[in-house]
file target-v8.pdb (PDB, C-alpha atoms)
ATOM      1  CA  MET O   1       0.000   0.000   0.000  1.00  0.00           C
ATOM      2  CA  ARG O   2       1.360   3.403  -0.901  1.00  0.00           C
ATOM      3  CA  PRO O   3       2.070   5.900   1.890  1.00  0.00           C
ATOM      4  CA  LEU O   4      -0.771   8.227   0.844  1.00  0.00           C
ATOM      5  CA  GLN O   5      -3.299   5.367   0.803  1.00  0.00           C
ATOM      6  CA  ARG O   6      -2.055   4.130   4.168  1.00  0.00           C
ATOM      7  CA  PHE O   7      -2.346   7.648   5.600  1.00  0.00           C
ATOM      8  CA  MET O   8      -5.890   8.062   4.206  1.00  0.00           C
ATOM      9  CA  SER O   9      -6.952   4.647   5.522  1.00  0.00           C
ATOM     10  CA  LEU O  10      -5.554   5.411   8.955  1.00  0.00           C
ATOM     11  CA  THR O  11      -7.180   8.854   8.967  1.00  0.00           C
ATOM     12  CA  LEU O  12     -10.538   7.371   7.983  1.00  0.00           C
ATOM     13  CA  PHE O  13     -10.234   4.669  10.639  1.00  0.00           C
ATOM     14  CA  LEU O  14      -9.421   7.236  13.340  1.00  0.00           C
ATOM     15  CA  ALA O  15     -12.298   9.488  12.249  1.00  0.00           C
ATOM     16  CA  VAL O  16     -14.803   6.625  12.357  1.00  0.00           C
ATOM     17  CA  THR O  17     -13.494   5.487  15.741  1.00  0.00           C
ATOM     18  CA  ALA O  18     -13.687   9.019  17.156  1.00  0.00           C
ATOM     19  CA  PHE O  19     -17.207   9.494  15.773  1.00  0.00           C
ATOM     20  CA  ALA O  20     -18.387   6.159  17.194  1.00  0.00           C
ATOM     21  CA  SER O  21     -16.855   6.983  20.562  1.00  0.00           C
ATOM     22  CA  HIS O  22     -18.488  10.419  20.549  1.00  0.00           C
ATOM     23  CA  ALA O  23     -21.845   8.898  19.580  1.00  0.00           C
ATOM     24  CA  HIS O  24     -21.624   6.443  22.487  1.00  0.00           C
ATOM     25  CA  ALA O  25     -20.732   9.210  24.913  1.00  0.00           C
ATOM     26  CA  ARG O  26     -23.553  11.303  23.500  1.00  0.00           C
ATOM     27  CA  SER O  27     -26.058   8.469  24.019  1.00  0.00           C
ATOM     28  CA  ASP O  28     -24.937   8.055  27.640  1.00  0.00           C
ATOM     29  CA  ALA O  29     -25.227  11.821  28.095  1.00  0.00           C
ATOM     30  CA  SER O  30     -28.699  11.722  26.523  1.00  0.00           C
ATOM     31  CA  PHE O  31     -29.718   9.030  28.981  1.00  0.00           C
ATOM     32  CA  MET O  32     -28.477  11.099  31.920  1.00  0.00           C
ATOM     33  CA  LYS O  33     -30.371  14.154  30.661  1.00  0.00           C
ATOM     34  CA  GLU O  34     -33.588  12.176  30.137  1.00  0.00           C
ATOM     35  CA  ALA O  35     -33.199  10.626  33.590  1.00  0.00           C
ATOM     36  CA  ALA O  36     -32.755  14.109  35.084  1.00  0.00           C
ATOM     37  CA  HIS O  37     -35.909  15.334  33.322  1.00  0.00           C
ATOM     38  CA  ALA O  38     -37.873  12.300  34.536  1.00  0.00           C
ATOM     39  CA  GLY O  39     -36.715  12.724  38.130  1.00  0.00           C
ATOM     40  CA  ALA O  40     -37.456  16.446  38.149  1.00  0.00           C
ATOM     41  CA  ALA O  41     -40.949  15.814  36.750  1.00  0.00           C
ATOM     42  CA  GLU O  42     -41.600  13.188  39.396  1.00  0.00           C
ATOM     43  CA  ILE O  43     -40.486  15.550  42.170  1.00  0.00           C
ATOM     44  CA  GLU O  44     -42.520  18.494  40.855  1.00  0.00           C
ATOM     45  CA  ALA O  45     -45.676  16.415  40.332  1.00  0.00           C
ATOM     46  CA  SER O  46     -45.255  14.826  43.756  1.00  0.00           C
ATOM     47  CA  LYS O  47     -44.898  18.211  45.464  1.00  0.00           C
ATOM     48  CA  LEU O  48     -48.171  19.169  43.823  1.00  0.00           C
ATOM     49  CA  ALA O  49     -49.723  15.913  45.038  1.00  0.00           C
ATOM     50  CA  VAL O  50     -48.616  16.547  48.625  1.00  0.00           C
ATOM     51  CA  SER O  51     -50.582  19.797  48.594  1.00  0.00           C
ATOM     52  CA  LYS O  52     -53.598  18.733  46.472  1.00  0.00           C
ATOM     53  CA  ALA O  53     -54.226  15.025  47.039  1.00  0.00           C
ATOM     54  CA  LYS O  54     -57.163  14.025  49.185  1.00  0.00           C
ATOM     55  CA  SER O  55     -56.044  10.452  49.897  1.00  0.00           C
ATOM     56  CA  ALA O  56     -53.552   9.933  52.717  1.00  0.00           C
ATOM     57  CA  ASP O  57     -52.059   7.023  50.737  1.00  0.00           C
ATOM     58  CA  VAL O  58     -51.479   9.243  47.709  1.00  0.00           C
ATOM     59  CA  LYS O  59     -49.883  11.941  49.884  1.00  0.00           C
ATOM     60  CA  SER O  60     -47.642   9.344  51.537  1.00  0.00           C
ATOM     61  CA  PHE O  61     -46.658   7.944  48.128  1.00  0.00           C
ATOM     62  CA  ALA O  62     -45.886  11.476  46.915  1.00  0.00           C
ATOM     63  CA  ASP O  63     -43.706  12.138  49.983  1.00  0.00           C
ATOM     64  CA  THR O  64     -41.763   8.952  49.254  1.00  0.00           C
ATOM     65  CA  MET O  65     -41.347   9.946  45.606  1.00  0.00           C
ATOM     66  CA  ILE O  66     -39.957  13.348  46.589  1.00  0.00           C
ATOM     67  CA  ALA O  67     -37.444  11.837  49.014  1.00  0.00           C
ATOM     68  CA  ASP O  68     -36.346   8.953  46.785  1.00  0.00           C
ATOM     69  CA  HIS O  69     -36.179  10.904  43.517  1.00  0.00           C
ATOM     70  CA  THR O  70     -34.284  13.751  45.207  1.00  0.00           C
ATOM     71  CA  LYS O  71     -31.676  11.236  46.426  1.00  0.00           C
ATOM     72  CA  VAL O  72     -31.398   9.687  42.951  1.00  0.00           C
ATOM     73  CA  ALA O  73     -31.164  13.161  41.366  1.00  0.00           C
ATOM     74  CA  ASP O  74     -28.267  14.024  43.673  1.00  0.00           C
ATOM     75  CA  GLU O  75     -26.478  10.801  42.696  1.00  0.00           C
ATOM     76  CA  LEU O  76     -27.067  11.576  39.018  1.00  0.00           C
ATOM     77  CA  LYS O  77     -25.726  15.127  39.409  1.00  0.00           C
ATOM     78  CA  ALA O  78     -22.535  13.757  40.969  1.00  0.00           C
ATOM     79  CA  LEU O  79     -22.134  11.160  38.190  1.00  0.00           C
ATOM     80  CA  ALA O  80     -22.850  13.695  35.432  1.00  0.00           C
ATOM     81  CA  ALA O  81     -20.295  16.097  36.884  1.00  0.00           C
ATOM     82  CA  THR O  82     -17.584  13.433  36.535  1.00  0.00           C
ATOM     83  CA  LYS O  83     -18.576  12.992  32.874  1.00  0.00           C
ATOM     84  CA  ASN O  84     -18.784  16.735  32.128  1.00  0.00           C
ATOM     85  CA  VAL O  85     -22.488  16.399  31.304  1.00  0.00           C
ATOM     86  CA  LYS O  86     -24.670  19.425  32.039  1.00  0.00           C
ATOM     87  CA  LEU O  87     -28.051  18.221  33.263  1.00  0.00           C
ATOM     88  CA  PRO O  88     -31.345  20.057  32.871  1.00  0.00           C
ATOM     89  CA  ASP O  89     -32.638  21.584  36.084  1.00  0.00           C
ATOM     90  CA  GLY O  90     -36.297  20.713  35.665  1.00  0.00           C
ATOM     91  CA  PRO O  91     -38.880  18.708  33.770  1.00  0.00           C
ATOM     92  CA  SER O  92     -39.018  18.788  29.972  1.00  0.00           C
ATOM     93  CA  VAL O  93     -41.581  21.007  28.240  1.00  0.00           C
ATOM     94  CA  LYS O  94     -43.762  17.936  27.648  1.00  0.00           C
ATOM     95  CA  GLN O  95     -43.512  16.911  31.294  1.00  0.00           C
ATOM     96  CA  LYS O  96     -44.379  20.437  32.449  1.00  0.00           C
ATOM     97  CA  ALA O  97     -47.497  20.245  30.278  1.00  0.00           C
ATOM     98  CA  GLU O  98     -48.398  16.869  31.831  1.00  0.00           C
ATOM     99  CA  ILE O  99     -48.024  18.368  35.312  1.00  0.00           C
ATOM    100  CA  LYS O 100     -50.349  21.227  34.316  1.00  0.00           C
ATOM    101  CA  LEU O 101     -52.845  18.691  33.001  1.00  0.00           C
ATOM    102  CA  ILE O 102     -52.971  16.742  36.257  1.00  0.00           C
ATOM    103  CA  ASP O 103     -53.383  20.051  38.097  1.00  0.00           C
ATOM    104  CA  ALA O 104     -56.250  21.187  35.863  1.00  0.00           C
ATOM    105  CA  GLY O 105     -59.758  19.882  36.033  1.00  0.00           C
ATOM    106  CA  ASP O 106     -61.883  18.404  38.758  1.00  0.00           C
ATOM    107  CA  ASN O 107     -60.034  18.442  42.089  1.00  0.00           C
ATOM    108  CA  ASP O 108     -61.915  15.302  43.118  1.00  0.00           C
ATOM    109  CA  LYS O 109     -60.122  13.443  40.306  1.00  0.00           C
ATOM    110  CA  PHE O 110     -56.634  14.822  41.071  1.00  0.00           C
ATOM    111  CA  ASP O 111     -55.505  11.717  42.972  1.00  0.00           C
ATOM    112  CA  GLU O 112     -56.441   9.486  40.038  1.00  0.00           C
ATOM    113  CA  ARG O 113     -54.692  11.721  37.498  1.00  0.00           C
ATOM    114  CA  TYR O 114     -51.516  11.860  39.591  1.00  0.00           C
ATOM    115  CA  ALA O 115     -51.500   8.096  40.284  1.00  0.00           C
ATOM    116  CA  LYS O 116     -52.089   7.263  36.624  1.00  0.00           C
ATOM    117  CA  ASN O 117     -49.665   9.749  35.044  1.00  0.00           C
ATOM    118  CA  PHE O 118     -46.857  10.108  37.575  1.00  0.00           C
ATOM    119  CA  GLY O 119     -47.326   6.989  39.649  1.00  0.00           C
ATOM    120  CA  VAL O 120     -47.816   4.330  37.009  1.00  0.00           C
ATOM    121  CA  LYS O 121     -47.111   5.680  33.508  1.00  0.00           C
ATOM    122  CA  ALA O 122     -44.064   7.806  34.392  1.00  0.00           C
ATOM    123  CA  HIS O 123     -42.468   4.900  36.236  1.00  0.00           C
ATOM    124  CA  GLU O 124     -43.187   2.477  33.383  1.00  0.00           C
ATOM    125  CA  ASP O 125     -41.508   4.900  30.965  1.00  0.00           C
ATOM    126  CA  THR O 126     -38.574   5.550  33.292  1.00  0.00           C
ATOM    127  CA  ILE O 127     -38.019   1.834  33.871  1.00  0.00           C
ATOM    128  CA  LYS O 128     -37.780   1.328  30.096  1.00  0.00           C
ATOM    129  CA  LEU O 129     -35.270   4.191  29.874  1.00  0.00           C
ATOM    130  CA  PHE O 130     -33.128   2.730  32.679  1.00  0.00           C
ATOM    131  CA  GLU O 131     -33.351  -0.842  31.345  1.00  0.00           C
ATOM    132  CA  GLU O 132     -32.052   0.403  27.996  1.00  0.00           C
ATOM    133  CA  ALA O 133     -29.148   2.197  29.695  1.00  0.00           C
ATOM    134  CA  ALA O 134     -28.398  -0.776  31.954  1.00  0.00           C
ATOM    135  CA  LYS O 135     -28.128  -2.923  28.835  1.00  0.00           C
ATOM    136  CA  ASN O 136     -26.547  -0.542  26.319  1.00  0.00           C
ATOM    137  CA  ALA O 137     -24.675   2.266  28.085  1.00  0.00           C
ATOM    138  CA  LYS O 138     -21.062   2.390  26.953  1.00  0.00           C
ATOM    139  CA  ASP O 139     -19.667   4.025  30.073  1.00  0.00           C
ATOM    140  CA  PRO O 140     -19.388   1.368  32.810  1.00  0.00           C
ATOM    141  CA  GLU O 141     -20.201   3.866  35.578  1.00  0.00           C
ATOM    142  CA  VAL O 142     -23.353   5.061  33.790  1.00  0.00           C
ATOM    143  CA  LYS O 143     -24.369   1.456  33.166  1.00  0.00           C
ATOM    144  CA  ALA O 144     -23.759   0.508  36.813  1.00  0.00           C
ATOM    145  CA  TRP O 145     -25.748   3.502  38.073  1.00  0.00           C
ATOM    146  CA  ALA O 146     -28.700   2.618  35.827  1.00  0.00           C
ATOM    147  CA  GLU O 147     -28.588  -1.003  37.048  1.00  0.00           C
ATOM    148  CA  LYS O 148     -28.363   0.091  40.685  1.00  0.00           C
ATOM    149  CA  THR O 149     -31.335   2.467  40.333  1.00  0.00           C
ATOM    150  CA  LEU O 150     -33.708   0.045  38.572  1.00  0.00           C
ATOM    151  CA  PRO O 151     -34.882  -1.939  41.641  1.00  0.00           C
ATOM    152  CA  GLY O 152     -36.032   1.266  43.357  1.00  0.00           C
ATOM    153  CA  LEU O 153     -37.918   2.379  40.249  1.00  0.00           C
ATOM    154  CA  ARG O 154     -39.613  -1.020  39.989  1.00  0.00           C
ATOM    155  CA  HIS O 155     -40.599  -0.767  43.647  1.00  0.00           C
ATOM    156  CA  HIS O 156     -42.067   2.702  43.006  1.00  0.00           C
ATOM    157  CA  LEU O 157     -44.165   1.252  40.182  1.00  0.00           C
ATOM    158  CA  GLU O 158     -45.448  -1.494  42.486  1.00  0.00           C
ATOM    159  CA  MET O 159     -46.296   1.114  45.128  1.00  0.00           C
ATOM    160  CA  ALA O 160     -48.140   3.213  42.542  1.00  0.00           C
ATOM    161  CA  GLN O 161     -50.089   0.239  41.235  1.00  0.00           C
ATOM    162  CA  ALA O 162     -51.133  -0.590  44.795  1.00  0.00           C
ATOM    163  CA  LEU O 163     -52.770   2.821  45.291  1.00  0.00           C
ATOM    164  CA  SER O 164     -56.550   2.470  45.385  1.00  0.00           C
ATOM    165  CA  VAL O 165     -56.928   5.261  42.793  1.00  0.00           C
ATOM    166  CA  ALA O 166     -54.367   3.775  40.373  1.00  0.00           C
ATOM    167  CA  PRO O 167     -55.554   2.309  37.083  1.00  0.00           C
ATOM    168  CA  LYS O 168     -55.946  -1.474  37.240  1.00  0.00           C
ATOM    169  CA  LYS O 169     -54.755  -3.638  34.386  1.00  0.00           C
TER
END

call {"tool": "encode", "arguments": {"input": "target-v8.pdb", "output": "structure tokens"}}
result
Amino acid sequence: MRPLQRFMSLTLFLAVTAFASHAHARSDASFMKEAAHAGAAEIEASKLAVSKAKSADVKSFADTMIADHTKVADELKALAATKNVKLPDGPSVKQKAEIKLIDAGDNDKFDERYAKNFGVKAHEDTIKLFEEAAKNAKDPEVKAWAEKTLPGLRHHLEMAQALSVAPKK
């Protein structure tokens, strides 16, 4: 192989490797950002539930969600800082709209809306997000954190499904 061809082949190989590495890092960063959004939405919706819910069980569940998701958010912030990933500081625009929707409407139905949207559905979605990261994250620390967090998220889903106002399958 001539020197120019060898140089071009090596350059192409290095560019592809760098791009693939960047794409993997970007996907891990995307996971961390989505996880931060999900946690912030859970905390914000749960704070609303503490003040608006009528059921003592729903209020207790919301208190647990605030405490647990705040702890997880702090762990995520520490992990993201070591990876130079800037996390969002609140829910996504879509999640903010969902919080407004559970706040709107008949106050007698608030508990049901919260349990359905932020108890059951949000945890189902978040579990899928974390399972994907636990399986496919390229950074071993990100992968380990996702794996470590999954049992707590699954427990939250079970707690939400046990609420009397939660949708039954």

call {"tool": "residues_near_point", "arguments": {"input": "target-v8.pdb", "point": "(-48.8, 5.8, 41.4)", "cutoff": "8 Å", "atoms": "all atoms listed in the file", "output": "MDAnalysis selection string"}}
result
chainID O and resid 58 61 114:120 156:157 159:163 166

call {"tool": "residues_around", "arguments": {"input": "target-v8.pdb", "residues": "segment 86-93 of chain O", "least_positions_apart": "6", "cutoff": "9 Å", "atoms": "only C-alpha atoms", "output": "list in words"}}
result
Ala29, Met32, Lys33, Glu34, Ala36, His37, Ala38, Gly39, Ala40, Ala41, Glu42, Glu44, Leu76, Lys77 and Ala80 of chain O

call {"tool": "resolve_selection", "arguments": {"input": "target-v8.pdb", "expression": "the PyMOL selection byres ((chain O and resi 137) around 9)", "output": "JSON, numbers by chain"}}
result
{"O": [24, 25, 27, 28, 31, 132, 133, 134, 135, 136, 138, 139, 140, 141, 142, 143, 144, 146]}

call {"tool": "atom_distance", "arguments": {"input": "target-v8.pdb", "atom1": "atom CA of Asp63 of chain O", "atom2": "atom CA of Ala97 of chain O"}}
result
21.6 Å

call {"tool": "atom_distance", "arguments": {"input": "target-v8.pdb", "atom1": "atom CA of Glu75 of chain O", "atom2": "atom CA of Trp145 of chain O"}}
result
8.7 Å

call {"tool": "closest_residue", "arguments": {"input": "target-v8.pdb", "among": "O:Asp103, O:Glu147, O:Asp111, O:Glu158", "to": "Glu124 of chain O", "atoms": "all atoms listed in the file"}}
result
O:Glu158

call {"tool": "atom_distance", "arguments": {"input": "target-v8.pdb", "atom1": "atom CA of Thr70 of chain O", "atom2": "atom CA of Ala104 of chain O"}}
result
25.0 Å

call {"tool": "axis_aligned_box", "arguments": {"input": "target-v8.pdb", "around": "segment 47-65 of chain O", "padding_each_side": "8 Å", "output": "JSON"}}
result
{"center_x": -49.3, "center_y": 13.4, "center_z": 48.3, "size_x": 31.8, "size_y": 28.8, "size_z": 24.9}

call {"tool": "closest_residue", "arguments": {"input": "target-v8.pdb", "among": "O:Glu98, O:Asp74, O:Glu112, O:Asp68", "to": "Val165 of chain O", "atoms": "only C-alpha atoms"}}
result
O:Glu112

call {"tool": "resolve_selection", "arguments": {"input": "target-v8.pdb", "expression": "the PyMOL selection byres ((chain O and resi 53) around 9)", "output": "list in words"}}
result
Leu48, Ala49, Val50, Ser51, Lys52, Lys54, Ser55, Ala56, Val58, Lys59, Asn107, Asp108, Phe110, Asp111 and Tyr114 of chain O
